Structure formats: C-alpha cells, structure tokens
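Q: Got a structure for you, run.csv, holding CSV, C-alpha atoms.
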```
chain,number,residue,atom,x,y,z
B,1,MET,CA,-60.1,-91.5,2.7
B,2,GLY,CA,-59.2,-89.3,5.6
B,3,CYS,CA,-59.2,-85.6,6.0
B,4,CYS,CA,-56.8,-83.1,4.5
B,5,TYR,CA,-54.3,-81.3,6.7
B,6,SER,CA,-54.8,-77.6,6.2
B,7,GLY,CA,-51.7,-76.5,8.0
B,8,GLU,CA,-53.2,-73.3,9.3
B,9,ASP,CA,-53.0,-74.1,13.0
B,10,GLY,CA,-49.4,-73.0,13.1
B,11,ASN,CA,-47.6,-76.4,13.1
B,12,SER,CA,-47.7,-76.6,16.8
B,13,ARG,CA,-48.2,-80.4,17.1
B,14,GLU,CA,-45.6,-83.2,16.5
B,15,PRO,CA,-45.9,-84.5,13.0
B,16,GLU,CA,-47.4,-88.0,13.0
B,17,GLU,CA,-46.5,-90.8,10.6
B,18,THR,CA,-50.0,-90.7,9.2
B,19,ASP,CA,-49.9,-87.1,8.2
B,20,PRO,CA,-50.0,-86.6,4.5
B,21,LEU,CA,-46.6,-85.4,3.2
B,22,ILE,CA,-48.1,-83.3,0.4
B,23,PRO,CA,-50.9,-80.9,1.5
B,24,HIS,CA,-53.9,-81.0,-0.7
B,25,PRO,CA,-53.5,-78.2,-3.1
B,26,ASN,CA,-57.1,-78.0,-4.3
B,27,PRO,CA,-59.6,-78.0,-1.4
B,28,VAL,CA,-62.9,-78.2,-3.2
B,29,SER,CA,-64.9,-75.1,-2.6
B,30,LYS,CA,-66.9,-75.0,-5.8
B,31,PRO,CA,-67.8,-77.7,-8.3
B,32,PRO,CA,-66.0,-77.9,-11.7
B,33,ASN,CA,-67.7,-76.7,-14.9
B,34,GLY,CA,-69.7,-74.1,-12.9
B,35,THR,CA,-72.7,-76.5,-12.6
B,36,GLU,CA,-75.0,-76.4,-9.6
B,37,TRP,CA,-73.7,-78.0,-6.4
B,38,PRO,CA,-76.0,-80.9,-5.3
B,39,THR,CA,-78.2,-79.7,-2.5
B,40,PRO,CA,-77.1,-81.1,0.9
B,41,GLY,CA,-80.7,-82.2,1.7
B,42,VAL,CA,-80.7,-84.9,-1.1
B,43,PRO,CA,-78.8,-88.0,0.1
B,44,SER,CA,-79.9,-90.3,-2.7
B,45,PRO,CA,-77.8,-90.4,-5.9
B,46,PRO,CA,-79.2,-88.2,-8.7
B,47,THR,CA,-81.1,-90.3,-11.3
B,48,ASP,CA,-80.6,-87.8,-14.1
B,49,GLY,CA,-77.8,-88.9,-16.4
B,50,GLN,CA,-76.0,-85.5,-16.5
B,51,ALA,CA,-76.3,-85.0,-12.8
B,52,LEU,CA,-74.9,-88.5,-12.2
B,53,LEU,CA,-71.9,-87.7,-14.4
B,54,THR,CA,-71.4,-84.5,-12.5
B,55,SER,CA,-71.5,-86.3,-9.1
B,56,ILE,CA,-68.9,-88.8,-10.3
B,57,LEU,CA,-66.7,-86.0,-11.6
B,58,THR,CA,-66.9,-84.1,-8.3
B,59,LYS,CA,-66.1,-87.2,-6.3
B,60,THR,CA,-63.1,-87.9,-8.5
B,61,ALA,CA,-61.9,-84.3,-8.3
B,62,GLN,CA,-62.1,-84.5,-4.5
B,63,ASN,CA,-60.0,-87.6,-4.4
B,64,ILE,CA,-57.3,-86.6,-6.9
B,65,ILE,CA,-54.2,-85.0,-5.5
B,66,ASP,CA,-52.5,-82.9,-8.2
B,67,VAL,CA,-48.9,-83.3,-7.4
B,68,SER,CA,-47.6,-80.7,-9.8
B,69,ALA,CA,-49.8,-78.0,-8.4
B,70,ALA,CA,-48.6,-78.5,-4.8
B,71,ASP,CA,-45.8,-76.5,-3.4
B,72,SER,CA,-42.7,-78.6,-3.5
B,73,VAL,CA,-42.0,-79.9,0.0
B,74,VAL,CA,-38.6,-78.7,1.0
B,75,MET,CA,-37.2,-80.7,3.8
B,76,GLU,CA,-33.8,-79.8,5.2
B,77,GLN,CA,-31.2,-82.4,5.7
B,78,HIS,CA,-31.6,-82.4,9.5
B,79,GLU,CA,-35.4,-82.9,9.2
B,80,ILE,CA,-34.8,-85.9,7.0
B,81,MET,CA,-32.3,-87.3,9.5
B,82,ASP,CA,-34.8,-86.6,12.3
B,83,LYS,CA,-37.6,-88.5,10.5
B,84,ALA,CA,-35.3,-91.4,9.7
B,85,ARG,CA,-34.2,-91.6,13.4
B,86,GLN,CA,-37.9,-91.5,14.5
B,87,TYR,CA,-38.8,-94.3,12.1
B,88,SER,CA,-35.9,-96.6,13.1
B,89,THR,CA,-36.7,-96.1,16.8
B,90,LYS,CA,-40.3,-97.1,16.2
B,91,LEU,CA,-39.1,-100.1,14.2
B,92,ALA,CA,-36.7,-101.1,16.9
B,93,MET,CA,-39.5,-101.0,19.5
B,94,LEU,CA,-41.7,-103.1,17.3
B,95,SER,CA,-39.1,-105.7,16.4
B,96,THR,CA,-38.3,-106.5,20.1
B,97,SER,CA,-41.9,-107.3,20.8
B,98,LEU,CA,-42.3,-109.6,17.8
B,99,PRO,CA,-41.5,-113.3,18.5
B,100,GLN,CA,-38.2,-114.5,17.1
B,101,LYS,CA,-38.4,-117.2,14.4
B,102,LYS,CA,-37.4,-120.5,16.1
B,103,ALA,CA,-37.4,-122.6,12.9
B,104,LEU,CA,-34.0,-121.4,11.8
B,105,THR,CA,-32.0,-122.7,14.7
B,106,LEU,CA,-30.6,-126.2,14.3
B,107,PRO,CA,-31.4,-128.7,17.1
B,108,SER,CA,-28.4,-130.5,18.6
B,109,LEU,CA,-28.7,-134.2,17.9
B,110,THR,CA,-25.7,-135.4,19.8
B,111,SER,CA,-22.9,-134.2,22.0
B,112,GLN,CA,-20.6,-136.8,20.5
B,113,PRO,CA,-20.5,-136.2,16.8
B,114,HIS,CA,-17.4,-138.2,16.1
B,115,GLN,CA,-18.6,-141.2,17.9
B,116,VAL,CA,-22.0,-141.1,16.1
B,117,LEU,CA,-20.4,-140.6,12.7
B,118,ALA,CA,-17.8,-143.4,13.3
B,119,SER,CA,-20.4,-146.0,14.4
B,120,ASP,CA,-21.3,-148.9,12.2
B,121,LEU,CA,-23.3,-148.2,9.1
B,122,VAL,CA,-26.9,-149.2,8.8
B,123,PRO,CA,-27.0,-153.0,8.2
B,124,TYR,CA,-28.0,-154.0,4.7
B,125,SER,CA,-30.9,-156.1,5.9
B,126,ASP,CA,-32.4,-153.0,7.6
B,127,VAL,CA,-32.0,-151.0,4.5
B,128,GLN,CA,-33.7,-153.7,2.4
B,129,GLN,CA,-36.6,-153.9,4.9
B,130,VAL,CA,-37.2,-150.2,4.9
B,131,SER,CA,-37.0,-150.1,1.1
B,132,LYS,CA,-39.6,-152.8,0.9
B,133,ILE,CA,-41.9,-151.1,3.4
B,134,ALA,CA,-41.6,-147.8,1.4
B,135,ALA,CA,-42.4,-149.6,-1.8
B,136,TYR,CA,-45.5,-151.1,-0.3
B,137,ALA,CA,-46.6,-147.7,1.0
B,138,TYR,CA,-46.1,-146.1,-2.3
B,139,SER,CA,-48.1,-148.8,-4.1
B,140,ALA,CA,-50.9,-148.5,-1.6
B,141,ILE,CA,-51.1,-144.7,-1.9
B,142,SER,CA,-51.1,-144.8,-5.7
B,143,GLN,CA,-54.2,-147.1,-5.5
B,144,ILE,CA,-56.2,-144.5,-3.6
B,145,LYS,CA,-59.0,-143.4,-5.9
B,146,VAL,CA,-62.5,-142.0,-5.7
B,147,ASP,CA,-65.3,-144.5,-6.0
B,148,ALA,CA,-68.0,-142.5,-7.8
B,149,LYS,CA,-71.4,-143.8,-6.8
B,150,GLU,CA,-73.8,-141.1,-8.0
B,151,GLU,CA,-73.8,-138.2,-10.4
B,152,LEU,CA,-72.5,-135.0,-8.9
B,153,VAL,CA,-74.6,-132.7,-11.0
B,154,VAL,CA,-78.3,-133.5,-11.2
B,155,GLN,CA,-81.3,-131.8,-12.9
B,156,PHE,CA,-83.9,-130.4,-10.6
B,157,ALA,CA,-87.1,-132.2,-11.3
B,158,ILE,CA,-90.1,-129.8,-11.0
B,159,PRO,CA,-93.2,-131.9,-10.6
U,1,MET,CA,-14.1,-126.5,20.2
U,2,THR,CA,-11.6,-125.3,17.6
U,3,THR,CA,-12.0,-126.3,14.0
U,4,ALA,CA,-8.8,-128.3,14.2
U,5,ALA,CA,-10.2,-130.3,17.1
U,6,LEU,CA,-13.4,-130.9,15.2
U,7,THR,CA,-11.7,-132.1,12.1
U,8,ALA,CA,-9.0,-134.2,13.8
U,9,GLY,CA,-11.7,-136.6,15.0
U,10,LEU,CA,-13.3,-136.8,11.6
U,11,GLU,CA,-10.0,-137.7,9.9
U,12,ARG,CA,-9.8,-140.8,12.1
U,13,ILE,CA,-13.2,-142.2,11.2
U,14,PRO,CA,-12.7,-145.6,9.6
U,15,ASP,CA,-13.0,-145.8,5.8
U,16,GLN,CA,-13.8,-142.1,5.4
U,17,VAL,CA,-13.0,-140.5,2.1
U,18,GLY,CA,-14.0,-136.9,2.8
U,19,TYR,CA,-15.9,-134.7,5.2
U,20,LEU,CA,-17.6,-131.3,5.6
U,21,VAL,CA,-18.3,-129.2,8.7
U,22,ILE,CA,-21.0,-126.7,7.9
U,23,SER,CA,-22.5,-123.9,10.0
U,24,GLU,CA,-25.4,-121.5,9.3
U,25,ASP,CA,-23.0,-119.1,7.7
U,26,GLY,CA,-21.3,-121.6,5.4
U,27,VAL,CA,-18.7,-124.3,5.2
U,28,LEU,CA,-16.2,-124.2,8.1
U,29,ALA,CA,-14.0,-127.1,6.9
U,30,SER,CA,-13.8,-129.6,4.1
U,31,ALA,CA,-11.4,-132.4,3.1
U,32,GLY,CA,-10.9,-135.3,0.8
U,33,GLU,CA,-13.6,-135.9,-1.9
U,34,LEU,CA,-15.8,-133.3,-0.3
U,35,GLU,CA,-13.1,-130.6,-0.3
U,36,ASN,CA,-14.7,-127.3,-1.5
U,37,ASP,CA,-17.9,-129.1,-2.4
U,38,GLU,CA,-20.3,-126.4,-1.6
U,39,HIS,CA,-23.0,-128.0,-3.7
U,40,THR,CA,-23.1,-131.2,-1.6
U,41,ALA,CA,-22.9,-129.0,1.6
U,42,GLY,CA,-26.0,-127.1,0.5
U,43,VAL,CA,-27.9,-130.3,-0.3
U,44,MET,CA,-27.0,-132.0,3.0
U,45,MET,CA,-28.0,-128.9,4.9
U,46,GLN,CA,-31.4,-128.8,3.3
U,47,MET,CA,-31.9,-132.6,3.9
U,48,ALA,CA,-30.8,-132.3,7.5
U,49,ARG,CA,-33.2,-129.3,8.1
U,50,THR,CA,-36.1,-131.2,6.6
U,51,ALA,CA,-35.3,-134.3,8.6
U,52,CYS,CA,-35.2,-132.3,11.8
U,53,ARG,CA,-38.8,-131.2,11.3
U,54,PHE,CA,-40.1,-134.8,11.6
U,55,ARG,CA,-41.5,-135.8,14.9
U,56,LEU,CA,-42.5,-139.2,16.2
U,57,SER,CA,-45.9,-139.0,17.8
U,58,GLY,CA,-45.7,-137.9,21.4
U,59,SER,CA,-42.1,-136.6,21.2
U,60,THR,CA,-40.8,-133.1,21.1
U,61,ASP,CA,-37.2,-133.8,20.1
U,62,ALA,CA,-35.9,-134.6,16.6
U,63,PRO,CA,-36.3,-138.3,16.2
U,64,PHE,CA,-32.8,-139.2,15.0
U,65,LYS,CA,-29.1,-139.0,15.9
U,66,ARG,CA,-27.6,-139.6,12.5
U,67,MET,CA,-28.9,-139.4,9.0
U,68,SER,CA,-27.5,-141.8,6.4
U,69,VAL,CA,-27.7,-141.1,2.7
U,70,ILE,CA,-27.0,-144.5,1.2
U,71,LEU,CA,-25.7,-144.8,-2.3
U,72,GLU,CA,-24.3,-147.9,-3.9
U,73,ASP,CA,-20.6,-147.4,-3.2
U,74,PHE,CA,-20.7,-144.6,-0.6
U,75,VAL,CA,-22.7,-143.5,2.4
U,76,TYR,CA,-23.0,-139.9,3.6
U,77,VAL,CA,-23.5,-139.9,7.3
U,78,VAL,CA,-24.8,-136.6,8.8
U,79,THR,CA,-25.2,-135.4,12.3
U,80,ILE,CA,-25.7,-132.1,14.1
U,81,SER,CA,-23.9,-130.9,17.2
U,82,GLY,CA,-23.4,-127.5,18.6
U,83,GLN,CA,-25.1,-125.6,15.8
U,84,LYS,CA,-22.8,-127.3,13.2
U,85,VAL,CA,-23.7,-129.9,10.6
U,86,PHE,CA,-21.1,-132.7,10.2
U,87,VAL,CA,-21.1,-134.7,6.9
U,88,VAL,CA,-18.7,-137.6,6.4
U,89,LYS,CA,-18.5,-139.6,3.2
U,90,ARG,CA,-17.6,-143.3,4.0
U,91,GLN,CA,-17.2,-146.3,1.9
U,92,ASN,CA,-20.3,-148.5,1.9
U,93,ASN,CA,-19.3,-151.9,3.3
U,94,GLN,CA,-22.9,-153.1,3.6
U,95,HIS,CA,-23.8,-155.1,0.5
U,96,GLU,CA,-26.0,-158.0,-0.4
U,97,PRO,CA,-24.7,-161.1,1.3
U,98,VAL,CA,-23.5,-163.7,-1.2
U,99,ASN,CA,-24.9,-167.1,-0.6
U,100,VAL,CA,-22.3,-169.7,-1.4
```
What is this structure when it is put down as structure tokens?
A:
Amino acid sequence: MGCCYSGEDGNSREPEETDPLIPHPNPVSKPPNGTEWPTPGVPSPPTDGQALLTSILTKTAQNIIDVSAADSVVMEQHEIMDKARQYSTKLAMLSTSLPQKKALTLPSLTSQPHQVLASDLVPYSDVQQVSKIAAYAYSAISQIKVDAKEELVVQFAIP
Amino acid sequence: MTTAALTAGLERIPDQVGYLVISEDGVLASAGELENDEHTAGVMMQMARTACRFRLSGSTDAPFKRMSVILEDFVYVVTISGQKVFVVKRQNNQHEPVNV
C-alpha cells in the first residue's frame, strides 16, 4: 500500500507525482478499543475469534484515510499552474516516444484519379463470375460442421 | 491541386450523375445526386478503409486501384489519391446481354 508521508523533514525535496496529496491524518500509534496490541513476535494470525476480529479491524483502520479529519490542502493558484505545467511536460515527453498510429492514414491508390474513375466499368460477365464464386464459397462455408465421433464427457470407470 | 481542378475532371467523366471528394476531415466537394450527401460519404469512406486493409499474399500495397459498388442502375466508383477519397456515381451500362 505504500508508506505515509509525514511531512516533518521540512519539504526540502521536489514533490513527486506519486506523493499522496492528502497526508494521513491518523498514524496508528495505538490500537482502537484499547485492546492489547498483538505481540510482534507472533507472525501467524490469531486463532481466537475475538483476536481475529481485532486484527481485521486494526488492518482496516490502518488502510482507511479519513478525508474529513485531514487538514484541507490549500494550494495556491500558482502551485496549481506549476503542477499542471509539470504534468503536461511529462505527457509531451511520453507522447513523442510512443509510436504514431499508422492505420489512420489513407494509402494512395493512384496518381491519376480522374483517369481511373473514368475508365470502363467492370464487365457484366466478370461481375457474374465473381458473384457465382462468392455464392459457392458461401455455400461451402455454411456446410462446415463438426463430425462428432465420441462422447465428450465420459464417466471414469474405477475397476 | 485546388478543389476546382479536382472537380473539373470529375465533371467530365462520361455518364456521371454525381460525385464526392472526401478527406479525413469531411466532404470537400459534392455535386449532382451526391450533393450534400454526407451519409453516402460516410459509408464510402468506411468501405474504402476496410478494402485498403486487404492484402494479397506476398504484397505490401493495397491490392486495388478502384473500388466499384455495383447496384442495378448505378455504380459508385471509388478511388484514393493524395489523402482524398473520390466517389463518382455513374450510370450502369453493363447489363445482361440479350440473346436475340
């Protein structure tokens, strides 16, 4: 889950994009309900029902971030602009290294579009022949079927 | 090539009844029965794109120069040149020969 940023080292380093924006308001220092803290020398999960429940509760409490309890993060306008600029620079760096999509560009089929479009139409006999071939192909494909020779599911026979 | 130069040639195609010039951004020119026909433009664009993806075995280029959509009375002939798709609607003069 990652560690919490305590903010006590004086903010001397550059904020990274992975830093949590909201500092954890409740660093767990004592278990809830005042029950005993599980001893560090016991790695295995407690078998006792109550202790099991307690361990689940403490784990959940550690993972929950209470947004209402945190100090509201006040970012000034220039900080927001700085962050936005930082992110768009990073994005620009990444997008130049990604390969461009080639599928969108249309290939050029001819340099003489008018000539190609004005040429004679496809002869009727050719169209008839192609239609017949397509009909044969369609008929052949529709006749593809599975020839079941054996049962798929069998009973194990235990001798 | 200016749009006027492109369309002048299309006007002169024998037995044409309309045409479209389409780019990636949309319809550049249209006339006749295809005037303002964005629907046909969209369909033809999609058909042309699909056809361009076919490859004959052992070849890297698109395997055709012109695509013909043949209906009973009309034919749409389509080609691509200089990043533009040209569609011309022509009268279909190819019919079943009559045996006398």
Q: Compare B:Glu151, B:Val146, B:Ile133, B:Thr110 by their minimum atom-to-atom distance to chain U, counting all atoms listed in the file, and give me the closest one.
A: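 Among the listed residues, B:Thr110 lies closest to chain U.
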Q: Would you kindly identify which residues have an atom no farther than 12 Å from (-10.5, -134.6, 13.8), using only C-alpha atoms and the file's own coordinates, and write them out as a list of chain:residue names?
A: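 Every polymer residue passing the test: B:Pro113, B:His114, B:Gln115, B:Leu117, B:Ala118, U:Met1, U:Thr2, U:Thr3, U:Ala4, U:Ala5, U:Leu6, U:Thr7, U:Ala8, U:Gly9, U:Leu10, U:Glu11, U:Arg12, U:Ile13, U:Pro14, U:Gln16, U:Gly18, U:Tyr19, U:Leu20, U:Val21, U:Ala29, U:Ser30, U:Ala31, U:Phe86, U:Val88.
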Q: Tell me which of U:Ile70, U:Cys52, U:Val85, U:Gln91 sits closest to Gln128 in chain B, counting all atoms listed in the file.
A: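 Ranked by minimum distance to Gln128 in chain B, first place goes to U:Ile70.
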Q: Mind giving me the straight-line distance from CA of Leu71 in chain U to CA of Val27 in chain U in Å, one decimal?
A: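 Answer for the CA of Leu71 in chain U to CA of Val27 in chain U separation: 22.9 Å.
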Q: One decimal, in Å: what's the spacing between CA of Val69 in chain U and CA of Gln143 in chain B?
A: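 Answer for the CA of Val69 in chain U to CA of Gln143 in chain B separation: 28.4 Å.
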Q: What's the separation between CA of Lys59 in chain B and CA of Leu21 in chain B, in Å to one decimal place?
A: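 If I compute the distance from CA of Lys59 in chain B to CA of Leu21 in chain B, I get 21.8 Å.
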Q: Point out the residue among U:Lys89, U:Arg55, U:His95, U:His39 with the least atom-to-atom distance to chain B, counting all atoms listed in the file.
A: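 Of the candidates, the smallest distance to chain B is held by U:His95.
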Q: I'd like the neighbourhood of Glu72 in chain U as a PyMOL selection string, where a residue qualifies if any of its atoms comes within 12 Å (using all atoms listed in the file), though same-chain residues fewer than 3 positions away should be ignored.
A: (chain B and resi 124+127) or (chain U and resi 69+75-76+90-96)
Q: Provide as a PDB file with C-alpha atoms, in the frame of the given file the residues of chain U at most 6 Å from chain B, counting all atoms listed in the file.
A:
```pdb
ATOM      1  CA  ILE U  13     -13.200-142.200  11.200  1.00  0.00           C
ATOM      2  CA  LYS U  65     -29.100-139.000  15.900  1.00  0.00           C
ATOM      3  CA  ILE U  80     -25.700-132.100  14.100  1.00  0.00           C
ATOM      4  CA  SER U  81     -23.900-130.900  17.200  1.00  0.00           C
ATOM      5  CA  GLY U  82     -23.400-127.500  18.600  1.00  0.00           C
ATOM      6  CA  GLN U  83     -25.100-125.600  15.800  1.00  0.00           C
ATOM      7  CA  GLN U  94     -22.900-153.100   3.600  1.00  0.00           C
TER       8      GLN U  94
END
```
Q: Select, from U:Ala48, U:Gly26, U:Arg53, U:Asn99, the residue with the minimum atom-to-atom distance to Arg66 in chain U, counting all atoms listed in the file.
A: U:Ala48
